[in-house]
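For reference, protein.csv is printed below; it contains CSV, C-alpha atoms.
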```csv
chain,number,residue,atom,x,y,z
A,3,MET,CA,109.0,167.9,141.7
A,4,GLU,CA,107.7,164.5,142.5
A,5,THR,CA,106.6,163.6,146.1
A,6,ALA,CA,106.4,160.2,147.6
A,7,ASN,CA,102.7,160.5,148.4
A,8,PRO,CA,100.1,163.0,146.9
A,9,ASP,CA,98.5,163.3,150.4
A,10,THR,CA,101.7,164.7,151.8
A,11,ASP,CA,101.7,168.0,149.8
A,12,PHE,CA,100.9,170.1,152.8
A,13,HIS,CA,103.6,168.4,154.8
A,14,CYS,CA,106.1,169.1,152.0
A,15,ILE,CA,105.3,172.8,151.9
A,16,SER,CA,105.5,172.9,155.7
A,17,ALA,CA,108.8,171.1,155.7
A,18,ILE,CA,110.3,173.5,153.1
A,19,LEU,CA,109.0,176.6,155.0
A,20,SER,CA,110.4,175.1,158.3
A,21,CYS,CA,113.8,174.7,156.6
A,22,LEU,CA,113.7,178.3,155.3
A,23,ALA,CA,112.8,179.6,158.7
A,24,LEU,CA,115.5,177.5,160.4
A,25,SER,CA,118.1,178.8,158.0
A,26,ALA,CA,117.0,182.4,158.6
A,27,VAL,CA,117.1,182.0,162.4
A,28,TYR,CA,120.6,180.4,162.3
A,29,VAL,CA,122.1,183.2,160.2
A,30,ALA,CA,120.3,185.8,162.3
A,31,SER,CA,121.7,184.4,165.5
A,32,LEU,CA,125.2,185.3,164.2
A,33,TYR,CA,124.3,189.0,164.0
A,34,VAL,CA,122.3,189.5,167.2
A,35,TRP,CA,125.5,190.9,168.8
A,36,ASN,CA,125.8,193.8,166.4
A,37,SER,CA,129.6,193.6,166.6
A,38,PRO,CA,131.7,196.2,164.7
A,39,ASN,CA,134.5,193.7,164.2
A,40,ILE,CA,135.0,191.3,161.3
A,41,SER,CA,134.1,187.6,161.6
A,42,ASP,CA,137.7,186.5,162.3
A,43,HIS,CA,138.1,188.9,165.3
A,44,PRO,CA,138.4,186.9,168.5
A,45,SER,CA,135.5,188.8,170.2
A,46,THR,CA,133.2,188.0,167.2
A,47,ILE,CA,134.2,184.4,167.2
A,48,LYS,CA,133.4,184.0,170.9
A,49,ARG,CA,130.0,185.7,170.6
A,50,ARG,CA,129.1,183.5,167.6
A,51,PHE,CA,130.1,180.4,169.6
A,52,ILE,CA,127.5,181.4,172.1
A,53,SER,CA,124.9,182.0,169.3
A,54,VAL,CA,125.5,178.5,167.7
A,55,PHE,CA,125.4,176.9,171.2
A,56,ILE,CA,122.0,178.4,171.8
A,57,MET,CA,120.9,177.4,168.3
A,58,SER,CA,121.9,173.8,169.1
A,59,TYR,CA,118.9,173.7,171.4
A,60,ILE,CA,116.6,175.7,169.2
A,61,SER,CA,117.2,173.8,165.9
A,62,PRO,CA,115.8,170.4,167.0
A,63,THR,CA,112.4,172.0,167.9
A,64,PHE,CA,111.8,172.9,164.3
A,65,MET,CA,112.4,169.2,163.4
A,66,TYR,CA,110.4,167.8,166.3
A,67,PHE,CA,107.3,169.9,165.7
A,68,GLY,CA,107.5,169.5,161.9
A,69,MET,CA,107.5,165.7,162.1
A,70,ASN,CA,104.2,163.9,161.9
A,71,GLU,CA,103.2,161.5,164.7
A,72,THR,CA,103.6,158.4,162.6
A,73,ASN,CA,107.3,159.1,161.9
A,74,LEU,CA,108.0,160.0,165.5
A,75,GLN,CA,106.7,156.5,166.4
A,76,LYS,CA,109.0,154.8,163.9
A,77,ALA,CA,112.2,156.1,165.5
A,78,THR,CA,113.4,158.0,168.6
A,79,ILE,CA,114.2,161.7,168.3
A,80,TRP,CA,117.9,160.8,168.8
A,81,GLU,CA,117.9,158.3,165.8
A,82,LEU,CA,116.2,161.0,163.6
A,83,LEU,CA,119.0,163.4,164.5
A,84,GLY,CA,121.6,160.9,163.7
A,85,LEU,CA,122.8,160.3,167.2
A,86,ARG,CA,123.2,156.6,167.8
A,87,TRP,CA,125.9,154.1,168.8
A,88,SER,CA,125.3,151.3,166.2
A,89,GLY,CA,127.7,151.8,163.3
A,90,LEU,CA,129.4,154.8,164.9
A,91,LEU,CA,133.0,153.7,164.2
A,92,GLN,CA,132.2,153.0,160.5
A,93,ALA,CA,130.5,156.4,160.2
A,94,ILE,CA,133.7,158.1,161.4
A,95,VAL,CA,136.3,156.1,159.4
A,96,ILE,CA,134.6,155.5,156.1
A,97,PRO,CA,133.6,159.1,155.3
A,98,TRP,CA,137.1,160.3,156.4
A,99,ILE,CA,138.7,157.9,154.0
A,100,LEU,CA,136.3,158.8,151.2
A,101,THR,CA,137.0,162.5,151.6
A,102,MET,CA,140.8,161.9,151.7
A,103,ILE,CA,140.5,160.0,148.4
A,104,LEU,CA,138.7,163.0,147.0
A,105,PHE,CA,141.6,165.2,148.1
A,106,LEU,CA,144.2,162.8,146.9
A,107,GLY,CA,145.8,165.4,144.6
A,108,PRO,CA,146.0,168.2,147.2
A,109,LEU,CA,147.3,165.7,149.8
A,110,CYS,CA,150.1,164.6,147.6
A,111,MET,CA,150.9,168.2,146.8
A,112,GLN,CA,151.2,168.8,150.6
A,113,GLY,CA,153.5,165.9,150.8
A,114,LEU,CA,155.8,167.4,148.2
A,115,ASN,CA,155.7,170.7,150.0
A,116,GLY,CA,156.8,169.1,153.3
A,117,LEU,CA,153.5,169.6,155.2
A,118,TRP,CA,153.2,165.9,156.1
A,119,ARG,CA,156.2,166.2,158.4
A,120,LEU,CA,154.6,169.2,160.0
A,121,TYR,CA,151.5,167.1,160.8
A,122,THR,CA,153.7,164.8,162.8
A,123,GLU,CA,154.8,167.6,165.1
A,124,PRO,CA,152.8,167.8,168.4
A,125,MET,CA,153.5,171.6,168.6
A,126,TYR,CA,151.7,172.1,165.3
A,127,TRP,CA,148.5,170.7,166.7
A,128,LEU,CA,149.0,172.4,170.1
A,129,GLY,CA,149.5,175.7,168.4
A,130,ASN,CA,146.4,175.3,166.3
A,131,ALA,CA,144.3,174.2,169.4
A,132,LYS,CA,145.2,177.5,171.0
A,133,THR,CA,143.5,179.6,168.3
A,134,LEU,CA,139.8,180.4,168.2
A,135,LYS,CA,139.8,180.3,164.4
A,136,TRP,CA,141.0,176.6,164.4
A,137,TRP,CA,138.2,175.7,166.9
A,138,ARG,CA,135.7,177.5,164.7
A,139,ASN,CA,136.8,176.0,161.4
A,140,GLN,CA,137.5,172.4,162.6
A,141,VAL,CA,135.1,171.8,165.5
A,142,VAL,CA,132.3,174.4,166.1
A,143,ALA,CA,131.3,175.2,162.5
A,144,PRO,CA,131.2,171.6,161.3
A,145,LEU,CA,129.2,170.5,164.4
A,146,SER,CA,126.8,173.4,164.5
A,147,GLU,CA,126.2,173.6,160.7
A,148,GLU,CA,125.7,169.8,160.2
A,149,TRP,CA,123.5,169.7,163.3
A,150,THR,CA,121.2,172.4,161.9
A,151,PHE,CA,121.4,171.9,158.1
A,152,ARG,CA,121.5,168.1,158.1
A,153,ALA,CA,120.3,166.5,161.3
A,154,CYS,CA,117.4,169.0,161.9
A,155,MET,CA,116.4,169.5,158.2
A,156,LEU,CA,116.8,166.2,156.5
A,157,PRO,CA,114.3,164.3,158.6
A,158,LEU,CA,111.7,167.0,157.8
A,159,LEU,CA,112.3,166.7,154.0
A,160,LEU,CA,112.5,162.9,154.0
A,161,GLN,CA,108.9,162.7,155.2
A,162,CYS,CA,107.7,163.6,151.7
A,163,PHE,CA,110.5,163.5,149.2
A,164,ALA,CA,112.6,160.6,148.0
A,165,PRO,CA,116.1,160.5,149.4
A,166,THR,CA,117.7,161.3,146.1
A,167,THR,CA,115.5,164.4,145.8
A,168,VAL,CA,116.3,165.5,149.3
A,169,ILE,CA,120.0,165.3,148.6
A,170,PHE,CA,119.6,168.1,146.0
A,171,ILE,CA,117.0,170.2,147.9
A,172,CYS,CA,118.6,170.4,151.4
A,173,PRO,CA,122.0,171.8,150.2
A,174,LEU,CA,120.2,174.9,148.7
A,175,PHE,CA,119.3,176.1,152.2
A,176,PHE,CA,123.0,175.6,153.3
A,177,GLY,CA,124.3,177.4,150.2
A,178,LEU,CA,121.8,180.3,150.6
A,179,ALA,CA,122.7,180.7,154.3
A,180,HIS,CA,126.3,181.6,153.2
A,181,PHE,CA,125.1,184.7,151.3
A,182,HIS,CA,125.3,186.6,154.6
A,183,HIS,CA,129.0,187.1,154.0
A,184,ILE,CA,128.0,189.7,151.4
A,185,MET,CA,127.5,192.3,154.2
A,186,GLU,CA,131.0,191.8,155.7
A,187,ARG,CA,132.7,191.9,152.4
A,188,ARG,CA,131.0,195.1,151.6
A,189,LYS,CA,132.1,196.5,155.0
A,190,LEU,CA,135.7,195.6,154.0
A,191,GLY,CA,135.4,197.8,151.0
A,192,ILE,CA,135.3,195.1,148.3
A,193,GLN,CA,133.6,196.2,145.1
A,194,LEU,CA,130.0,194.9,144.7
A,195,LYS,CA,130.7,193.0,141.5
A,196,HIS,CA,133.6,191.2,143.2
A,197,VAL,CA,131.5,190.5,146.2
A,198,LEU,CA,128.8,189.0,144.0
A,199,VAL,CA,131.3,186.8,142.2
A,200,MET,CA,132.8,185.6,145.4
A,201,SER,CA,129.4,184.9,147.0
A,202,CYS,CA,128.1,183.0,143.9
A,203,PHE,CA,131.3,180.9,144.0
A,204,GLN,CA,130.8,180.2,147.7
A,205,PHE,CA,127.1,179.3,147.1
A,206,ALA,CA,128.1,176.8,144.4
A,207,GLN,CA,130.9,175.4,146.6
A,208,THR,CA,128.8,175.0,149.8
A,209,THR,CA,125.8,173.6,147.8
A,210,ILE,CA,128.0,170.9,146.3
A,211,PHE,CA,129.5,170.0,149.6
A,212,GLY,CA,126.0,170.2,151.2
A,213,ALA,CA,124.8,167.5,148.7
A,214,TYR,CA,127.8,165.3,149.7
A,215,ALA,CA,127.1,165.9,153.4
A,216,ALA,CA,123.4,165.1,153.0
A,217,PHE,CA,124.2,161.9,151.1
A,218,LEU,CA,126.5,160.8,153.9
A,219,PHE,CA,123.9,161.5,156.6
A,220,ILE,CA,121.1,159.7,154.7
A,221,LYS,CA,123.2,156.7,153.8
A,222,THR,CA,124.9,156.3,157.2
A,223,GLY,CA,122.1,157.6,159.5
A,224,HIS,CA,124.9,159.3,161.5
A,225,LEU,CA,125.5,162.9,162.2
A,226,VAL,CA,129.2,162.3,162.7
A,227,ALA,CA,129.7,161.2,159.1
A,228,PRO,CA,129.1,164.7,157.5
A,229,VAL,CA,130.8,166.3,160.5
A,230,VAL,CA,134.0,164.4,159.8
A,231,ALA,CA,133.8,165.3,156.1
A,232,HIS,CA,133.1,168.9,156.9
A,233,SER,CA,136.0,169.3,159.3
A,234,PHE,CA,138.4,167.7,156.8
A,235,CYS,CA,137.2,169.8,153.9
A,236,ASN,CA,137.6,173.0,156.1
A,237,HIS,CA,141.2,171.9,156.9
A,238,MET,CA,142.1,171.3,153.2
A,239,GLY,CA,140.2,174.3,151.7
A,240,VAL,CA,139.3,174.5,148.0
A,241,PRO,CA,141.7,172.4,145.9
A,242,ASN,CA,144.0,174.7,144.0
A,243,VAL,CA,144.6,173.1,140.7
A,244,MET,CA,146.4,176.1,139.4
A,245,GLU,CA,149.2,175.5,141.9
A,246,ILE,CA,150.4,172.6,139.8
A,247,ALA,CA,151.7,175.1,137.3
A,248,THR,CA,154.2,176.4,139.8
A,249,TYR,CA,156.2,173.2,139.7
A,250,LYS,CA,159.1,173.4,137.2
A,251,ASP,CA,159.4,169.7,136.7
A,252,PRO,CA,157.0,168.7,133.9
A,253,PHE,CA,156.8,165.1,135.3
A,254,LYS,CA,155.7,166.5,138.7
A,255,ARG,CA,153.0,168.6,137.0
A,256,VAL,CA,151.6,165.7,135.0
A,257,GLY,CA,151.8,163.4,138.0
A,258,LEU,CA,150.0,165.8,140.3
A,259,PHE,CA,147.3,166.6,137.7
A,260,SER,CA,146.8,162.9,137.2
A,261,LEU,CA,146.4,162.4,141.0
A,262,PHE,CA,143.8,165.2,141.1
A,263,VAL,CA,141.8,163.4,138.4
A,264,PHE,CA,142.3,160.0,139.8
A,265,GLY,CA,141.2,161.1,143.2
A,266,LEU,CA,138.0,162.5,141.8
A,267,LEU,CA,137.2,159.4,139.7
A,268,ALA,CA,138.1,157.0,142.6
A,269,TRP,CA,135.8,159.0,144.9
A,270,CYS,CA,132.9,158.8,142.4
A,271,PHE,CA,133.5,155.1,141.9
A,272,LEU,CA,133.7,154.3,145.6
A,273,LEU,CA,131.1,156.7,147.0
A,274,THR,CA,128.1,154.4,146.7
A,275,PRO,CA,129.6,151.0,147.6
A,276,LEU,CA,131.5,152.4,150.6
A,277,THR,CA,128.3,154.0,152.0
A,278,ASN,CA,126.1,150.9,151.8
A,279,PRO,CA,123.5,151.5,154.6
A,280,THR,CA,124.0,148.0,155.9
A,281,PHE,CA,127.6,148.9,156.9
A,282,PHE,CA,126.2,151.4,159.4
A,283,ASN,CA,123.1,149.4,160.5
A,284,ASN,CA,121.0,152.1,158.9
A,285,ASN,CA,117.4,151.2,157.9
A,286,LEU,CA,115.8,154.5,158.6
A,287,PHE,CA,116.5,157.0,155.9
A,288,TRP,CA,117.7,155.5,152.7
A,289,HIS,CA,115.0,152.8,152.6
A,290,LYS,CA,112.4,155.5,152.8
A,291,GLN,CA,110.9,154.5,156.1
A,292,LEU,CA,110.0,158.1,156.7
A,293,LEU,CA,107.0,158.5,154.4
```
Mind turning this structure into structure tokens?
Amino acid sequence: METANPDTDFHCISAILSCLALSAVYVASLYVWNSPNISDHPSTIKRRFISVFIMSYISPTFMYFGMNETNLQKATIWELLGLRWSGLLQAIVIPWILTMILFLGPLCMQGLNGLWRLYTEPMYWLGNAKTLKWWRNQVVAPLSEEWTFRACMLPLLLQCFAPTTVIFICPLFFGLAHFHHIMERRKLGIQLKHVLVMSCFQFAQTTIFGAYAAFLFIKTGHLVAPVVAHSFCNHMGVPNVMEIATYKDPFKRVGLFSLFVFGLLAWCFLLTPLTNPTFFNNNLFWHKQLL
């Protein structure tokens, strides 16, 4: 693995160890309550809300004390964490549009199933807002995870690795952190081999998304960019290509499959041009100012 400067080897090792420690502390905070209930139980969700709220204060200390003085003089702590006003609107809208393009196939499938009309019903949103699971999946998890695994980790890694390298390193911590679900799945009585398959699939899924989220953070310089993408992905779930086979009309099947492919290709084609750092007034991360 190639570093940006040979003199920064110690800082690179320190940054990786800090990220490992931060991942471990974040996951451990979810289990300090020793709750007998599953993760979807309201009492467990409430307790974990408290844990991630406390972690939101702890996580930045790892980043702050892991940054060298030179880099702390180049930007404020808020800028390093992706909290700034300049380019904020673009950082909300563009990643949202990009992620919708990626999910073009599933979105069109929802339209055929009548879900779009449901989205226009105020009671649908009011009903969701009354559930703790909705707040966890759409608000708390995206905010807390992006805060810890992007805002507090990426600046550490960007001190010594090139941005393109960091995009593939940082998601590994995010993916590994999700292996804690193994314990709960075993408690539910799921066979070990099935648990391992599920956990490996989740690791791959979260690592791939983590790379996308890291890319958005580095290119935009905004925390809100990966948060928006994370929340939307949680809402949509994993695209179910196999559902296309349930449609009897062959034209619908071909059309939907084409939209799945077109959405992916369009996302790949538009990803780089639509995340040009100049759109977001970002000259901190992508141009390797942190070296």
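Picture a line from CA of Thr222 in chain A to CA of Phe203 in chain A; it runs 28.6 Å.
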Listing only residues of range 59-149 of chain A within 10 Å of range 271-283 of chain A, what is the closest atom pair and its distance in Å (to one decimal) for each, using only C-alpha atoms, sorted by chain and residue number ascending, as JSON lines?
```
{"residue": "A:Trp87", "atom": "CA", "partner": "A:Phe282", "partner_atom": "CA", "distance": 9.8}
{"residue": "A:Ser88", "atom": "CA", "partner": "A:Asn283", "partner_atom": "CA", "distance": 6.4}
{"residue": "A:Gly89", "atom": "CA", "partner": "A:Phe282", "partner_atom": "CA", "distance": 4.2}
{"residue": "A:Leu90", "atom": "CA", "partner": "A:Phe282", "partner_atom": "CA", "distance": 7.2}
{"residue": "A:Leu91", "atom": "CA", "partner": "A:Phe282", "partner_atom": "CA", "distance": 8.6}
{"residue": "A:Gln92", "atom": "CA", "partner": "A:Phe282", "partner_atom": "CA", "distance": 6.3}
{"residue": "A:Ala93", "atom": "CA", "partner": "A:Phe282", "partner_atom": "CA", "distance": 6.6}
{"residue": "A:Ile96", "atom": "CA", "partner": "A:Leu276", "partner_atom": "CA", "distance": 7.0}
{"residue": "A:Pro97", "atom": "CA", "partner": "A:Thr277", "partner_atom": "CA", "distance": 8.1}
{"residue": "A:Ile99", "atom": "CA", "partner": "A:Leu276", "partner_atom": "CA", "distance": 9.7}
{"residue": "A:Leu100", "atom": "CA", "partner": "A:Leu273", "partner_atom": "CA", "distance": 7.0}
{"residue": "A:Thr101", "atom": "CA", "partner": "A:Leu273", "partner_atom": "CA", "distance": 9.5}
{"residue": "A:Ile103", "atom": "CA", "partner": "A:Leu272", "partner_atom": "CA", "distance": 9.3}
{"residue": "A:Leu104", "atom": "CA", "partner": "A:Leu273", "partner_atom": "CA", "distance": 9.9}
```
The selected residues should be written to file as an mmCIF file, keeping the file's coordinate frame (atoms: C-alpha atoms).
```cif
data_model
loop_
_atom_site.group_PDB
_atom_site.id
_atom_site.type_symbol
_atom_site.label_atom_id
_atom_site.label_comp_id
_atom_site.auth_asym_id
_atom_site.auth_seq_id
_atom_site.Cartn_x
_atom_site.Cartn_y
_atom_site.Cartn_z
ATOM 1 C CA TRP A 87 125.900 154.100 168.800
ATOM 2 C CA SER A 88 125.300 151.300 166.200
ATOM 3 C CA GLY A 89 127.700 151.800 163.300
ATOM 4 C CA LEU A 90 129.400 154.800 164.900
ATOM 5 C CA LEU A 91 133.000 153.700 164.200
ATOM 6 C CA GLN A 92 132.200 153.000 160.500
ATOM 7 C CA ALA A 93 130.500 156.400 160.200
ATOM 8 C CA ILE A 96 134.600 155.500 156.100
ATOM 9 C CA PRO A 97 133.600 159.100 155.300
ATOM 10 C CA ILE A 99 138.700 157.900 154.000
ATOM 11 C CA LEU A 100 136.300 158.800 151.200
ATOM 12 C CA THR A 101 137.000 162.500 151.600
ATOM 13 C CA ILE A 103 140.500 160.000 148.400
ATOM 14 C CA LEU A 104 138.700 163.000 147.000
#
```
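Of note, CA of Thr72 in chain A and CA of Leu286 in chain A are spaced 13.4 Å apart.
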Can you pull out every residue within 12 Å of range 114-117 of chain A, counting all atoms listed in the file, but drop anything in the same chain fewer than 5 positions away, and send it as a ChimeraX atom specification? /A:107-109,122-123,126,238,245-246,248-249,254-255,257-258
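Checking A:Gly129, A:Gly212, A:Pro62, A:Pro228 one by one against Ala179 in chain A, counting all atoms listed in the file, you find the shortest gap at A:Gly212.
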